[in-house]
Amino acid sequence: MRYSPSPVQTVRILALSALLLAAAACNPLENKTQSMSYLVIENLMGLDESGKVADYVASDVLFQDPDTGDTSIIADIATATISARQLDPDPIAGTSPYADVQLTHYTVTYTRSDGRNKPGVDVPYPFDGDLTVLLKVNIATEFGFIIVRESAKQEPPLLDLLQGGSRAEIIYTTATVDFYGHDLTGAEVKVTGAISVRFANFANG
């Protein structure tokens with residue numbers, strides 16, 4: 001006798017098939033965001049001891065003018081190049097005008113490889129900064145942001161580098177930078193990058 005599934009069984013089979021197809025087609029990245037876009041950090045760059053562009057930051061805790069001898073505390077600036085991309089790389093309707101991303105703020109957290117990571121003792125305190133940067137889809141955008149604040153150089157452990165009086169001591173850290181924003185529908189996006197930061201009382205001249 002030939003078996004024929006009941007209407008209820010047929011509905012269950014169709015529902016299960018739909019779930020399996022959805023699971024197979026699901027992009028893992030889509031599970032982490034409601035946005036149609038995601039962010040890619042193409043590079044994070046800083047300035048070395050001589051002020052040239054480098055893939056790390058040489059943070060001088062106290063700048064001394066080689067001509068006048070005057071001293072000043074200066075924030076360190078890093079440069080990020082970030083692009084926004086659509087989850088669907090080839091949308092049927094073309095690139096959505098709502099897929100562009102507005103960056104709104106960022107956070108910086110410092111860590112050391114030796115595990116000594118207490119803020120204000122071993123590393124500078126983490127901080128938040130504001131941003132107003134519009135990222136157009138598939139266009140890399142470069143912008144600067146503060147990676148080390150002036151206030152950090154007036155507090156331990158960076159202040160200790162001055163009190164020691166030695167230019168040989170260097171604190172090696174990694175700055176983890178989280179960039180936050182939203183696409184033009186309001187859906188939130190985030191991307192994380194990292195750059196090495198070396199703190200010292202470097203010789204100027």
# chains A, B, ... in the order shown; residues from 1 in each chain; ligands from 1

$ select_by_dssp --residues "range 113-189 of chain A" --states "strand (DSSP E or B)" --output "PyMOL selection string"
chain A and resi 119+123+127-135+137+141-148+171-183+188-189

$ select_by_dssp --residues "range 7-196 of chain A" --states "alpha helix (DSSP H)" --output "ChimeraX atom specification"
/A:7-25,158-163

$ write_last_selection --atoms "N, CA and C atoms" --output "compact mmCIF listing (two decimals), in the first residue's frame"
# COMPACT_ATOMS: atom_id res chain seq x y z
N PRO A 7 -2.09 15.87 5.92
CA PRO A 7 -1.87 17.31 5.76
C PRO A 7 -1.01 17.89 6.87
N VAL A 8 -1.18 17.42 8.11
CA VAL A 8 -0.39 17.93 9.23
C VAL A 8 1.07 17.57 9.06
N GLN A 9 1.33 16.30 8.65
CA GLN A 9 2.71 15.87 8.44
C GLN A 9 3.36 16.65 7.30
N THR A 10 2.57 16.94 6.26
CA THR A 10 3.10 17.70 5.13
C THR A 10 3.54 19.10 5.57
N VAL A 11 2.72 19.74 6.39
CA VAL A 11 3.06 21.07 6.90
C VAL A 11 4.34 21.02 7.72
N ARG A 12 4.46 19.98 8.56
CA ARG A 12 5.66 19.86 9.39
C ARG A 12 6.91 19.66 8.55
N ILE A 13 6.79 18.84 7.51
CA ILE A 13 7.93 18.58 6.63
C ILE A 13 8.36 19.86 5.91
N LEU A 14 7.39 20.63 5.42
CA LEU A 14 7.70 21.87 4.72
C LEU A 14 8.34 22.88 5.66
N ALA A 15 7.84 22.94 6.89
CA ALA A 15 8.40 23.89 7.87
C ALA A 15 9.83 23.52 8.20
N LEU A 16 10.10 22.21 8.39
CA LEU A 16 11.45 21.77 8.69
C LEU A 16 12.39 22.05 7.54
N SER A 17 11.92 21.85 6.32
CA SER A 17 12.75 22.13 5.14
C SER A 17 13.11 23.61 5.07
N ALA A 18 12.15 24.46 5.37
CA ALA A 18 12.40 25.91 5.34
C ALA A 18 13.44 26.30 6.37
N LEU A 19 13.37 25.69 7.56
CA LEU A 19 14.35 25.99 8.60
C LEU A 19 15.74 25.55 8.20
N LEU A 20 15.84 24.38 7.59
CA LEU A 20 17.14 23.88 7.16
C LEU A 20 17.74 24.77 6.09
N LEU A 21 16.91 25.22 5.15
CA LEU A 21 17.40 26.11 4.10
C LEU A 21 17.86 27.44 4.68
N ALA A 22 17.12 27.96 5.64
CA ALA A 22 17.49 29.24 6.26
C ALA A 22 18.80 29.11 7.00
N ALA A 23 18.99 27.99 7.71
CA ALA A 23 20.23 27.79 8.46
C ALA A 23 21.41 27.67 7.53
N ALA A 24 21.21 27.00 6.40
CA ALA A 24 22.31 26.81 5.45
C ALA A 24 22.71 28.12 4.80
N ALA A 25 21.73 29.00 4.58
CA ALA A 25 22.01 30.25 3.88
C ALA A 25 22.42 31.38 4.80
N LEU A 158 52.42 57.12 33.61
CA LEU A 158 53.22 57.93 32.69
C LEU A 158 53.97 59.03 33.43
N LEU A 159 53.36 59.59 34.45
CA LEU A 159 54.03 60.63 35.24
C LEU A 159 55.29 60.07 35.90
N ASP A 160 55.26 58.79 36.23
CA ASP A 160 56.43 58.16 36.86
C ASP A 160 57.64 58.14 35.93
N LEU A 161 57.39 58.16 34.63
CA LEU A 161 58.51 58.16 33.68
C LEU A 161 59.30 59.47 33.76
N LEU A 162 58.64 60.54 34.15
CA LEU A 162 59.32 61.83 34.32
C LEU A 162 60.04 61.91 35.65
N GLN A 163 59.40 61.42 36.68
CA GLN A 163 59.97 61.51 38.01
C GLN A 163 61.21 60.64 38.16

$ residues_around --residues "Tyr38 in chain A" --least-positions-apart "6" --cutoff "8 Å" --atoms "only C-alpha atoms" --output "ChimeraX atom specification"
/A:84-87,189-190

$ residues_around --residues "Leu62 in chain A" --least-positions-apart "4" --cutoff "8 Å" --atoms "only C-alpha atoms" --output "ChimeraX atom specification"
/A:71-74,153,162,201-202

$ atom_distance --atom1 "CA of Pro97 in chain A" --atom2 "CA of Phe179 in chain A"
21.4 Å

$ closest_atom_pairs --of "range 144-171 of chain A" --to "range 41-48 of chain A" --cutoff "12 Å" --atoms "only C-alpha atoms" --output "Markdown table"
| residue | atom | partner | partner_atom | distance |
| --- | --- | --- | --- | --- |
| A:Gly144 | CA | A:Met45 | CA | 9.3 |
| A:Phe145 | CA | A:Gly46 | CA | 10.2 |
| A:Ile146 | CA | A:Gly46 | CA | 10.3 |
| A:Ile147 | CA | A:Gly46 | CA | 8.8 |
| A:Val148 | CA | A:Gly46 | CA | 10.8 |

$ write_last_selection --atoms "C-alpha atoms" --output "compact mmCIF listing (two decimals), in the first residue's frame"
# COMPACT_ATOMS: atom_id res chain seq x y z
CA GLY A 144 42.49 61.16 12.92
CA PHE A 145 41.58 60.61 16.57
CA ILE A 146 43.24 61.01 19.96
CA ILE A 147 44.95 57.81 21.04
CA VAL A 148 46.64 59.22 24.18

$ atom_distance --atom1 "CA of Glu155 in chain A" --atom2 "CA of Asp122 in chain A"
10.9 Å

$ closest_residue --among "A:Val53, A:Ala80, A:Ala200, A:Ile139" --to "Val177 in chain A" --atoms "only C-alpha atoms"
A:Ala80

$ atom_distance --atom1 "CA of Arg116 in chain A" --atom2 "CA of Ala203 in chain A"
26.3 Å

$ closest_residue --among "A:Val123, A:Val61, A:Leu131, A:Ile92" --to "Phe143 in chain A" --atoms "only C-alpha atoms"
A:Leu131

$ closest_residue --among "A:Val191, A:Ala175, A:Val101, A:Val57" --to "Ile77 in chain A" --atoms "only C-alpha atoms"
A:Val57

$ decode --residues "range 37-91 of chain A" --atoms "C-alpha atoms" --output "PDB file, in the first residue's frame"
ATOM      1  CA  SER A  37      26.519  46.953   6.708  1.00  0.00           C
ATOM      2  CA  TYR A  38      29.700  46.041   8.524  1.00  0.00           C
ATOM      3  CA  LEU A  39      32.991  47.868   9.102  1.00  0.00           C
ATOM      4  CA  VAL A  40      36.530  46.966   8.060  1.00  0.00           C
ATOM      5  CA  ILE A  41      39.620  48.630   9.552  1.00  0.00           C
ATOM      6  CA  GLU A  42      42.160  48.817   6.759  1.00  0.00           C
ATOM      7  CA  ASN A  43      44.892  50.244   8.983  1.00  0.00           C
ATOM      8  CA  LEU A  44      45.699  52.085  12.194  1.00  0.00           C
ATOM      9  CA  MET A  45      48.780  54.315  12.057  1.00  0.00           C
ATOM     10  CA  GLY A  46      50.652  56.560  14.461  1.00  0.00           C
ATOM     11  CA  LEU A  47      53.855  58.612  14.594  1.00  0.00           C
ATOM     12  CA  ASP A  48      57.279  57.297  15.573  1.00  0.00           C
ATOM     13  CA  GLU A  49      59.891  59.043  17.730  1.00  0.00           C
ATOM     14  CA  SER A  50      60.891  61.360  14.879  1.00  0.00           C
ATOM     15  CA  GLY A  51      57.315  62.267  13.971  1.00  0.00           C
ATOM     16  CA  LYS A  52      57.113  60.058  10.892  1.00  0.00           C
ATOM     17  CA  VAL A  53      54.125  57.861  10.077  1.00  0.00           C
ATOM     18  CA  ALA A  54      54.517  54.372  11.543  1.00  0.00           C
ATOM     19  CA  ASP A  55      52.467  51.313  12.425  1.00  0.00           C
ATOM     20  CA  TYR A  56      52.863  52.163  16.123  1.00  0.00           C
ATOM     21  CA  VAL A  57      52.678  55.224  18.379  1.00  0.00           C
ATOM     22  CA  ALA A  58      55.724  56.667  20.145  1.00  0.00           C
ATOM     23  CA  SER A  59      54.099  58.669  22.931  1.00  0.00           C
ATOM     24  CA  ASP A  60      56.422  61.300  24.389  1.00  0.00           C
ATOM     25  CA  VAL A  61      55.275  62.029  27.939  1.00  0.00           C
ATOM     26  CA  LEU A  62      56.929  65.469  27.911  1.00  0.00           C
ATOM     27  CA  PHE A  63      57.942  67.395  24.806  1.00  0.00           C
ATOM     28  CA  GLN A  64      60.891  69.754  25.154  1.00  0.00           C
ATOM     29  CA  ASP A  65      61.489  72.304  22.425  1.00  0.00           C
ATOM     30  CA  PRO A  66      65.104  71.762  21.291  1.00  0.00           C
ATOM     31  CA  ASP A  67      65.526  75.469  20.512  1.00  0.00           C
ATOM     32  CA  THR A  68      63.931  77.169  23.507  1.00  0.00           C
ATOM     33  CA  GLY A  69      63.943  74.422  26.109  1.00  0.00           C
ATOM     34  CA  ASP A  70      60.252  75.051  26.795  1.00  0.00           C
ATOM     35  CA  THR A  71      58.275  71.956  27.753  1.00  0.00           C
ATOM     36  CA  SER A  72      54.706  70.996  26.942  1.00  0.00           C
ATOM     37  CA  ILE A  73      52.356  68.042  27.231  1.00  0.00           C
ATOM     38  CA  ILE A  74      50.823  67.055  23.901  1.00  0.00           C
ATOM     39  CA  ALA A  75      48.115  64.520  23.082  1.00  0.00           C
ATOM     40  CA  ASP A  76      49.021  61.790  20.609  1.00  0.00           C
ATOM     41  CA  ILE A  77      47.018  61.433  17.412  1.00  0.00           C
ATOM     42  CA  ALA A  78      46.510  58.197  15.497  1.00  0.00           C
ATOM     43  CA  THR A  79      44.984  57.769  12.056  1.00  0.00           C
ATOM     44  CA  ALA A  80      42.406  55.150  11.107  1.00  0.00           C
ATOM     45  CA  THR A  81      41.358  54.075   7.634  1.00  0.00           C
ATOM     46  CA  ILE A  82      37.969  52.363   7.753  1.00  0.00           C
ATOM     47  CA  SER A  83      35.475  51.305   5.110  1.00  0.00           C
ATOM     48  CA  ALA A  84      31.818  50.303   5.312  1.00  0.00           C
ATOM     49  CA  ARG A  85      30.643  47.312   3.309  1.00  0.00           C
ATOM     50  CA  GLN A  86      27.304  45.628   2.765  1.00  0.00           C
ATOM     51  CA  LEU A  87      26.664  42.122   4.049  1.00  0.00           C
ATOM     52  CA  ASP A  88      25.252  41.312   0.627  1.00  0.00           C
ATOM     53  CA  PRO A  89      28.154  42.165  -1.717  1.00  0.00           C
ATOM     54  CA  ASP A  90      25.931  42.132  -4.810  1.00  0.00           C
ATOM     55  CA  PRO A  91      22.418  43.263  -3.838  1.00  0.00           C
TER      56      PRO A  91
END
